[in-house]
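**Student:** One file: final.cif (mmCIF, N, CA and C atoms and all ligand atoms).
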data_structure
#
loop_
_atom_site.label_atom_id
_atom_site.label_comp_id
_atom_site.auth_asym_id
_atom_site.auth_seq_id
_atom_site.Cartn_x
_atom_site.Cartn_y
_atom_site.Cartn_z
N MET A 161 -36.00 -34.37 13.49
CA MET A 161 -35.14 -34.16 12.32
C MET A 161 -34.93 -32.68 12.04
N SER A 162 -36.02 -31.90 12.13
CA SER A 162 -35.92 -30.49 11.79
C SER A 162 -34.97 -29.75 12.73
N ARG A 163 -34.83 -30.25 13.94
CA ARG A 163 -33.91 -29.64 14.90
C ARG A 163 -32.47 -29.73 14.40
N VAL A 164 -32.13 -30.87 13.82
CA VAL A 164 -30.77 -31.06 13.31
C VAL A 164 -30.49 -30.07 12.19
N ILE A 165 -31.48 -29.92 11.29
CA ILE A 165 -31.30 -28.97 10.17
C ILE A 165 -31.14 -27.55 10.71
N LEU A 166 -31.95 -27.20 11.67
CA LEU A 166 -31.84 -25.87 12.27
C LEU A 166 -30.48 -25.66 12.92
N PHE A 167 -30.02 -26.70 13.58
CA PHE A 167 -28.72 -26.62 14.25
C PHE A 167 -27.60 -26.38 13.23
N ILE A 168 -27.67 -27.14 12.12
CA ILE A 168 -26.65 -26.99 11.07
C ILE A 168 -26.71 -25.59 10.46
N LEU A 169 -27.93 -25.14 10.21
CA LEU A 169 -28.13 -23.82 9.66
C LEU A 169 -27.55 -22.75 10.59
N PHE A 170 -27.86 -22.90 11.85
CA PHE A 170 -27.37 -21.97 12.87
C PHE A 170 -25.84 -21.96 12.90
N PHE A 171 -25.27 -23.17 12.81
CA PHE A 171 -23.82 -23.31 12.84
C PHE A 171 -23.18 -22.60 11.65
N PHE A 172 -23.81 -22.76 10.47
CA PHE A 172 -23.27 -22.14 9.27
C PHE A 172 -23.32 -20.62 9.37
N ILE A 173 -24.45 -20.12 9.89
CA ILE A 173 -24.59 -18.66 10.03
C ILE A 173 -23.55 -18.13 11.02
N LEU A 174 -23.40 -18.85 12.09
CA LEU A 174 -22.41 -18.45 13.10
C LEU A 174 -21.01 -18.43 12.51
N TYR A 175 -20.71 -19.49 11.75
CA TYR A 175 -19.39 -19.59 11.12
C TYR A 175 -19.16 -18.43 10.16
N TYR A 176 -20.21 -18.10 9.38
CA TYR A 176 -20.14 -17.03 8.40
C TYR A 176 -19.86 -15.69 9.08
N ILE A 177 -20.63 -15.44 10.15
CA ILE A 177 -20.46 -14.18 10.89
C ILE A 177 -19.06 -14.09 11.49
N LEU A 178 -18.63 -15.19 12.09
CA LEU A 178 -17.32 -15.19 12.75
C LEU A 178 -16.19 -14.98 11.75
N SER A 179 -16.24 -15.66 10.60
CA SER A 179 -15.16 -15.52 9.62
C SER A 179 -15.11 -14.11 9.06
N ASN A 180 -16.28 -13.51 8.83
CA ASN A 180 -16.32 -12.11 8.39
C ASN A 180 -15.74 -11.19 9.44
N PHE A 181 -16.13 -11.47 10.67
CA PHE A 181 -15.69 -10.66 11.81
C PHE A 181 -14.17 -10.68 11.92
N PHE A 182 -13.58 -11.88 11.78
CA PHE A 182 -12.13 -11.98 11.97
C PHE A 182 -11.35 -11.40 10.79
N THR A 183 -11.84 -11.57 9.58
CA THR A 183 -11.11 -10.98 8.45
C THR A 183 -11.16 -9.46 8.52
N ASN A 184 -12.29 -8.92 9.00
CA ASN A 184 -12.38 -7.46 9.15
C ASN A 184 -11.44 -6.96 10.22
N ILE A 185 -11.26 -7.75 11.26
CA ILE A 185 -10.38 -7.32 12.35
C ILE A 185 -8.92 -7.46 11.96
N LEU A 186 -8.58 -8.52 11.25
CA LEU A 186 -7.18 -8.78 10.93
C LEU A 186 -6.64 -7.85 9.85
N ARG A 187 -7.48 -7.48 8.91
CA ARG A 187 -7.00 -6.65 7.79
C ARG A 187 -6.43 -5.31 8.22
N PRO A 188 -7.20 -4.49 8.96
CA PRO A 188 -6.63 -3.19 9.35
C PRO A 188 -5.43 -3.34 10.28
N GLY A 189 -5.38 -4.44 11.05
CA GLY A 189 -4.24 -4.68 11.93
C GLY A 189 -2.96 -4.84 11.14
N LYS A 190 -3.04 -5.60 10.05
CA LYS A 190 -1.86 -5.80 9.20
C LYS A 190 -1.39 -4.49 8.59
N ARG A 191 -2.38 -3.68 8.15
CA ARG A 191 -2.04 -2.41 7.53
C ARG A 191 -1.34 -1.49 8.51
N MET A 192 -1.80 -1.51 9.75
CA MET A 192 -1.21 -0.64 10.76
C MET A 192 0.24 -1.02 11.02
N ASN A 193 0.52 -2.33 11.00
CA ASN A 193 1.87 -2.80 11.31
C ASN A 193 2.88 -2.38 10.25
N GLN A 194 2.56 -2.62 8.98
CA GLN A 194 3.52 -2.31 7.92
C GLN A 194 3.34 -0.88 7.44
N GLY A 195 2.14 -0.46 7.54
CA GLY A 195 1.60 0.88 7.33
C GLY A 195 2.32 1.85 6.45
N SER A 196 2.66 2.96 7.05
CA SER A 196 2.98 4.18 6.31
C SER A 196 4.12 4.01 5.31
N GLU A 197 5.16 3.27 5.67
CA GLU A 197 6.32 3.25 4.80
C GLU A 197 6.08 2.50 3.48
N VAL A 198 5.26 1.45 3.54
CA VAL A 198 5.01 0.67 2.34
C VAL A 198 4.15 1.44 1.35
N GLU A 199 3.14 2.12 1.87
CA GLU A 199 2.16 2.71 0.96
C GLU A 199 2.42 4.18 0.67
N GLU A 200 3.45 4.73 1.25
CA GLU A 200 3.71 6.15 1.02
C GLU A 200 4.26 6.36 -0.39
N LEU A 201 3.58 7.21 -1.16
CA LEU A 201 4.01 7.46 -2.52
C LEU A 201 4.65 8.83 -2.63
N VAL A 202 5.67 8.88 -3.47
CA VAL A 202 6.34 10.16 -3.74
C VAL A 202 6.33 10.40 -5.24
N GLN A 203 6.39 11.68 -5.63
CA GLN A 203 6.32 11.99 -7.05
C GLN A 203 7.69 12.27 -7.61
N ASP A 204 7.94 11.65 -8.74
CA ASP A 204 9.17 11.90 -9.49
C ASP A 204 9.04 13.27 -10.15
N PRO A 205 9.91 14.24 -9.77
CA PRO A 205 9.77 15.60 -10.32
C PRO A 205 10.10 15.68 -11.81
N TYR A 206 10.77 14.65 -12.33
CA TYR A 206 11.13 14.68 -13.75
C TYR A 206 10.01 14.15 -14.65
N CYS A 207 9.53 12.91 -14.38
CA CYS A 207 8.52 12.32 -15.25
C CYS A 207 7.13 12.31 -14.62
N GLN A 208 7.00 12.90 -13.43
CA GLN A 208 5.72 13.07 -12.74
C GLN A 208 5.05 11.74 -12.35
N THR A 209 5.84 10.67 -12.30
CA THR A 209 5.29 9.37 -11.91
C THR A 209 5.31 9.24 -10.39
N TYR A 210 4.29 8.57 -9.86
CA TYR A 210 4.27 8.28 -8.44
C TYR A 210 4.90 6.92 -8.17
N ILE A 211 5.86 6.89 -7.24
CA ILE A 211 6.52 5.64 -6.89
C ILE A 211 6.52 5.46 -5.38
N PRO A 212 6.55 4.20 -4.91
CA PRO A 212 6.68 3.96 -3.48
C PRO A 212 8.01 4.49 -2.97
N LYS A 213 7.95 5.18 -1.83
CA LYS A 213 9.14 5.85 -1.30
C LYS A 213 10.31 4.90 -1.12
N ARG A 214 9.99 3.65 -0.73
CA ARG A 214 11.06 2.69 -0.43
C ARG A 214 11.90 2.35 -1.66
N SER A 215 11.25 2.27 -2.84
CA SER A 215 11.98 1.85 -4.03
C SER A 215 12.44 3.04 -4.87
N ALA A 216 12.24 4.25 -4.35
CA ALA A 216 12.62 5.43 -5.11
C ALA A 216 14.12 5.70 -4.99
N VAL A 217 14.65 6.37 -6.02
CA VAL A 217 16.05 6.82 -5.97
C VAL A 217 16.07 8.17 -5.29
N LYS A 218 16.76 8.24 -4.16
CA LYS A 218 16.75 9.48 -3.36
C LYS A 218 17.94 10.35 -3.70
N LYS A 219 17.68 11.66 -3.73
CA LYS A 219 18.76 12.61 -3.98
C LYS A 219 18.44 13.93 -3.32
N LYS A 220 19.36 14.44 -2.54
CA LYS A 220 19.15 15.73 -1.90
C LYS A 220 19.64 16.83 -2.82
N ILE A 221 18.71 17.65 -3.28
CA ILE A 221 19.06 18.74 -4.18
C ILE A 221 18.59 20.06 -3.58
N ALA A 222 19.52 21.00 -3.48
CA ALA A 222 19.23 22.34 -2.94
C ALA A 222 18.52 22.26 -1.60
N GLY A 223 18.97 21.36 -0.76
CA GLY A 223 18.45 21.28 0.61
C GLY A 223 17.19 20.47 0.78
N SER A 224 16.53 20.08 -0.33
CA SER A 224 15.32 19.28 -0.18
C SER A 224 15.49 17.91 -0.83
N MET A 225 14.93 16.90 -0.20
CA MET A 225 15.05 15.53 -0.68
C MET A 225 14.10 15.29 -1.84
N LEU A 226 14.65 14.79 -2.94
CA LEU A 226 13.82 14.49 -4.10
C LEU A 226 13.86 12.98 -4.37
N TYR A 227 12.77 12.48 -4.93
CA TYR A 227 12.65 11.04 -5.18
C TYR A 227 12.38 10.80 -6.66
N PHE A 228 13.16 9.87 -7.24
CA PHE A 228 13.02 9.57 -8.66
C PHE A 228 12.68 8.10 -8.86
N CYS A 229 12.00 7.80 -9.97
CA CYS A 229 11.59 6.42 -10.21
C CYS A 229 12.79 5.56 -10.61
N ASN A 230 13.80 6.15 -11.24
CA ASN A 230 15.05 5.43 -11.50
C ASN A 230 16.20 6.41 -11.70
N GLN A 231 17.38 5.84 -11.86
CA GLN A 231 18.60 6.64 -11.95
C GLN A 231 18.58 7.56 -13.17
N LYS A 232 17.96 7.08 -14.25
CA LYS A 232 17.90 7.85 -15.48
C LYS A 232 17.16 9.18 -15.29
N CYS A 233 16.05 9.09 -14.59
CA CYS A 233 15.26 10.30 -14.32
C CYS A 233 16.06 11.29 -13.49
N LEU A 234 16.81 10.77 -12.54
CA LEU A 234 17.65 11.63 -11.70
C LEU A 234 18.68 12.35 -12.56
N THR A 235 19.37 11.60 -13.42
CA THR A 235 20.39 12.20 -14.28
C THR A 235 19.77 13.23 -15.22
N ASN A 236 18.63 12.88 -15.82
CA ASN A 236 17.98 13.80 -16.73
C ASN A 236 17.50 15.06 -16.02
N TYR A 237 17.03 14.87 -14.80
CA TYR A 237 16.55 16.01 -14.02
C TYR A 237 17.71 16.97 -13.71
N LEU A 238 18.86 16.39 -13.34
CA LEU A 238 20.03 17.22 -13.04
C LEU A 238 20.51 17.95 -14.28
N LYS A 239 20.50 17.24 -15.42
CA LYS A 239 20.90 17.86 -16.69
C LYS A 239 20.00 19.03 -17.02
N ARG A 240 18.70 18.81 -16.90
CA ARG A 240 17.72 19.84 -17.24
C ARG A 240 17.89 21.05 -16.33
N ASN A 241 18.14 20.79 -15.04
CA ASN A 241 18.34 21.88 -14.09
C ASN A 241 19.56 22.71 -14.43
N LYS A 242 20.63 22.02 -14.88
CA LYS A 242 21.85 22.72 -15.26
C LYS A 242 21.62 23.65 -16.43
N LYS A 243 20.86 23.16 -17.42
CA LYS A 243 20.58 23.94 -18.61
C LYS A 243 19.78 25.20 -18.27
N GLU A 244 18.81 25.01 -17.36
CA GLU A 244 17.96 26.13 -17.01
C GLU A 244 18.69 27.12 -16.10
N GLY A 245 19.81 26.67 -15.52
CA GLY A 245 20.59 27.58 -14.70
C GLY A 245 20.61 27.13 -13.31
ZN ZN B 301 10.85 9.00 -13.53
#
Could you rewrite the structure in this file as structure tokens?
Ligand SMILES: [Zn+2]

**Tutor:**
Amino acid sequence: MSRVILFILFFFILYYILSNFFTNILRPGKRMNQGSEVEELVQDPYCQTYIPKRSAVKKKIAGSMLYFCNQKCLTNYLKRNKKEG
């Protein structure tokens, strides 16, 4: 009888190790695939908020690309720049 219990115990430990092993292997793989573009954050120069590059409002100003959290920030930023000269 004790052999059966040992076998079950062994099976559970094996299962536990294997499931941990596979989740550890699969996680970084997924990150690598979708990787840089999803998690890349850019700073809104107007309100200083960090937003994901993909959902940012892009605008090329004075030769450099700027990213805003929404259209309002872009408009306000342009207005402020005009006032300052
Ligand atoms: Zn903003």

**Student:** How far is it from atom CA of A:Gln203 to atom C of A:Tyr227, in Å with one decimal?

**Tutor:**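 It comes out at 6.2 Å.
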
**Student:** Write as a PyMOL selection string the residues around ligand ZN 301 (chain B), taking 6 Å as the cut-off and counting all atoms listed in the file.

**Tutor:** chain A and resi 204+206-209+228-230+233

**Student:** Residues within 8 Å of (11.2, 4.1, -1.0), file coordinates, counting all atoms listed in the file: what are they? Give the list as a ChimeraX atom specification.

**Tutor:** /A:197-198,200,202,211-218

**Student:** Interatomic distance between atom C of A:Leu201 and atom N of A:Leu234?

**Tutor:**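 For atom C of A:Leu201 relative to atom N of A:Leu234, the distance reads 15.8 Å.
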
**Student:** Can you work out which one of A:Ile173, A:Leu166, A:Ala222, A:Leu186 has the shortest atom-to-atom distance to A:Leu238, counting only C-alpha atoms?

**Tutor:** A:Ala222

**Student:** Identify all residues of chain A in alpha helix (DSSP H) (DSSP on the backbone) and supply them as a PyMOL selection string.

**Tutor:** chain A and resi 162-199+231-244

**Student:** How many Å separate atom N of A:Lys232 from atom CA of A:Pro205?

**Tutor:**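 According to the coordinates, atom N of A:Lys232 and atom CA of A:Pro205 are separated by 12.5 Å.
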
**Student:** Can you list every residue in chain A that DSSP puts in strand (DSSP E), as a list of chain:residue names?

**Tutor:**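 Selection result, strand (DSSP E) within chain A: A:Leu201, A:Val202, A:Gln203, A:Tyr210, A:Ile211, A:Pro212, A:Val217, A:Lys218, A:Lys219, A:Lys220, A:Ile221, A:Ser224, A:Met225, A:Leu226, A:Tyr227, A:Phe228.
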
**Student:** May I have the residues from that selection written out with N, CA and C atoms, as a PDB file, in the frame of the given file?

**Tutor:**
ATOM      1  N   LEU A 201       3.580   7.210  -1.160  1.00  0.00           N
ATOM      2  CA  LEU A 201       4.010   7.460  -2.520  1.00  0.00           C
ATOM      3  C   LEU A 201       4.650   8.830  -2.630  1.00  0.00           C
ATOM      4  N   VAL A 202       5.670   8.880  -3.470  1.00  0.00           N
ATOM      5  CA  VAL A 202       6.340  10.160  -3.740  1.00  0.00           C
ATOM      6  C   VAL A 202       6.330  10.400  -5.240  1.00  0.00           C
ATOM      7  N   GLN A 203       6.390  11.680  -5.630  1.00  0.00           N
ATOM      8  CA  GLN A 203       6.320  11.990  -7.050  1.00  0.00           C
ATOM      9  C   GLN A 203       7.690  12.270  -7.610  1.00  0.00           C
ATOM     10  N   TYR A 210       4.290   8.570  -9.860  1.00  0.00           N
ATOM     11  CA  TYR A 210       4.270   8.280  -8.440  1.00  0.00           C
ATOM     12  C   TYR A 210       4.900   6.920  -8.170  1.00  0.00           C
ATOM     13  N   ILE A 211       5.860   6.890  -7.240  1.00  0.00           N
ATOM     14  CA  ILE A 211       6.520   5.640  -6.890  1.00  0.00           C
ATOM     15  C   ILE A 211       6.520   5.460  -5.380  1.00  0.00           C
ATOM     16  N   PRO A 212       6.550   4.200  -4.910  1.00  0.00           N
ATOM     17  CA  PRO A 212       6.680   3.960  -3.480  1.00  0.00           C
ATOM     18  C   PRO A 212       8.010   4.490  -2.970  1.00  0.00           C
ATOM     19  N   VAL A 217      14.650   6.370  -6.020  1.00  0.00           N
ATOM     20  CA  VAL A 217      16.050   6.820  -5.970  1.00  0.00           C
ATOM     21  C   VAL A 217      16.070   8.170  -5.290  1.00  0.00           C
ATOM     22  N   LYS A 218      16.760   8.240  -4.160  1.00  0.00           N
ATOM     23  CA  LYS A 218      16.750   9.480  -3.360  1.00  0.00           C
ATOM     24  C   LYS A 218      17.940  10.350  -3.700  1.00  0.00           C
ATOM     25  N   LYS A 219      17.680  11.660  -3.730  1.00  0.00           N
ATOM     26  CA  LYS A 219      18.760  12.610  -3.980  1.00  0.00           C
ATOM     27  C   LYS A 219      18.440  13.930  -3.320  1.00  0.00           C
ATOM     28  N   LYS A 220      19.360  14.440  -2.540  1.00  0.00           N
ATOM     29  CA  LYS A 220      19.150  15.730  -1.900  1.00  0.00           C
ATOM     30  C   LYS A 220      19.640  16.830  -2.820  1.00  0.00           C
ATOM     31  N   ILE A 221      18.710  17.650  -3.280  1.00  0.00           N
ATOM     32  CA  ILE A 221      19.060  18.740  -4.180  1.00  0.00           C
ATOM     33  C   ILE A 221      18.590  20.060  -3.580  1.00  0.00           C
ATOM     34  N   SER A 224      16.530  20.080  -0.330  1.00  0.00           N
ATOM     35  CA  SER A 224      15.320  19.280  -0.180  1.00  0.00           C
ATOM     36  C   SER A 224      15.490  17.910  -0.830  1.00  0.00           C
ATOM     37  N   MET A 225      14.930  16.900  -0.200  1.00  0.00           N
ATOM     38  CA  MET A 225      15.050  15.530  -0.680  1.00  0.00           C
ATOM     39  C   MET A 225      14.100  15.290  -1.840  1.00  0.00           C
ATOM     40  N   LEU A 226      14.650  14.790  -2.940  1.00  0.00           N
ATOM     41  CA  LEU A 226      13.820  14.490  -4.100  1.00  0.00           C
ATOM     42  C   LEU A 226      13.860  12.980  -4.370  1.00  0.00           C
ATOM     43  N   TYR A 227      12.770  12.480  -4.930  1.00  0.00           N
ATOM     44  CA  TYR A 227      12.650  11.040  -5.180  1.00  0.00           C
ATOM     45  C   TYR A 227      12.380  10.800  -6.660  1.00  0.00           C
ATOM     46  N   PHE A 228      13.160   9.870  -7.240  1.00  0.00           N
ATOM     47  CA  PHE A 228      13.020   9.570  -8.660  1.00  0.00           C
ATOM     48  C   PHE A 228      12.680   8.100  -8.860  1.00  0.00           C
TER      49      PHE A 228
END

**Student:** Around stretch 221-230 of chain A, fit a box with edges along x, y and z, padding it by 6 Å on each side, then list its centre and edge lengths in Å to one decimal as lines of an AutoDock Vina configuration file.

**Tutor:**
center_x = 15.6
center_y = 13.9
center_z = -5.5
size_x = 19.9
size_y = 28.9
size_z = 24.5
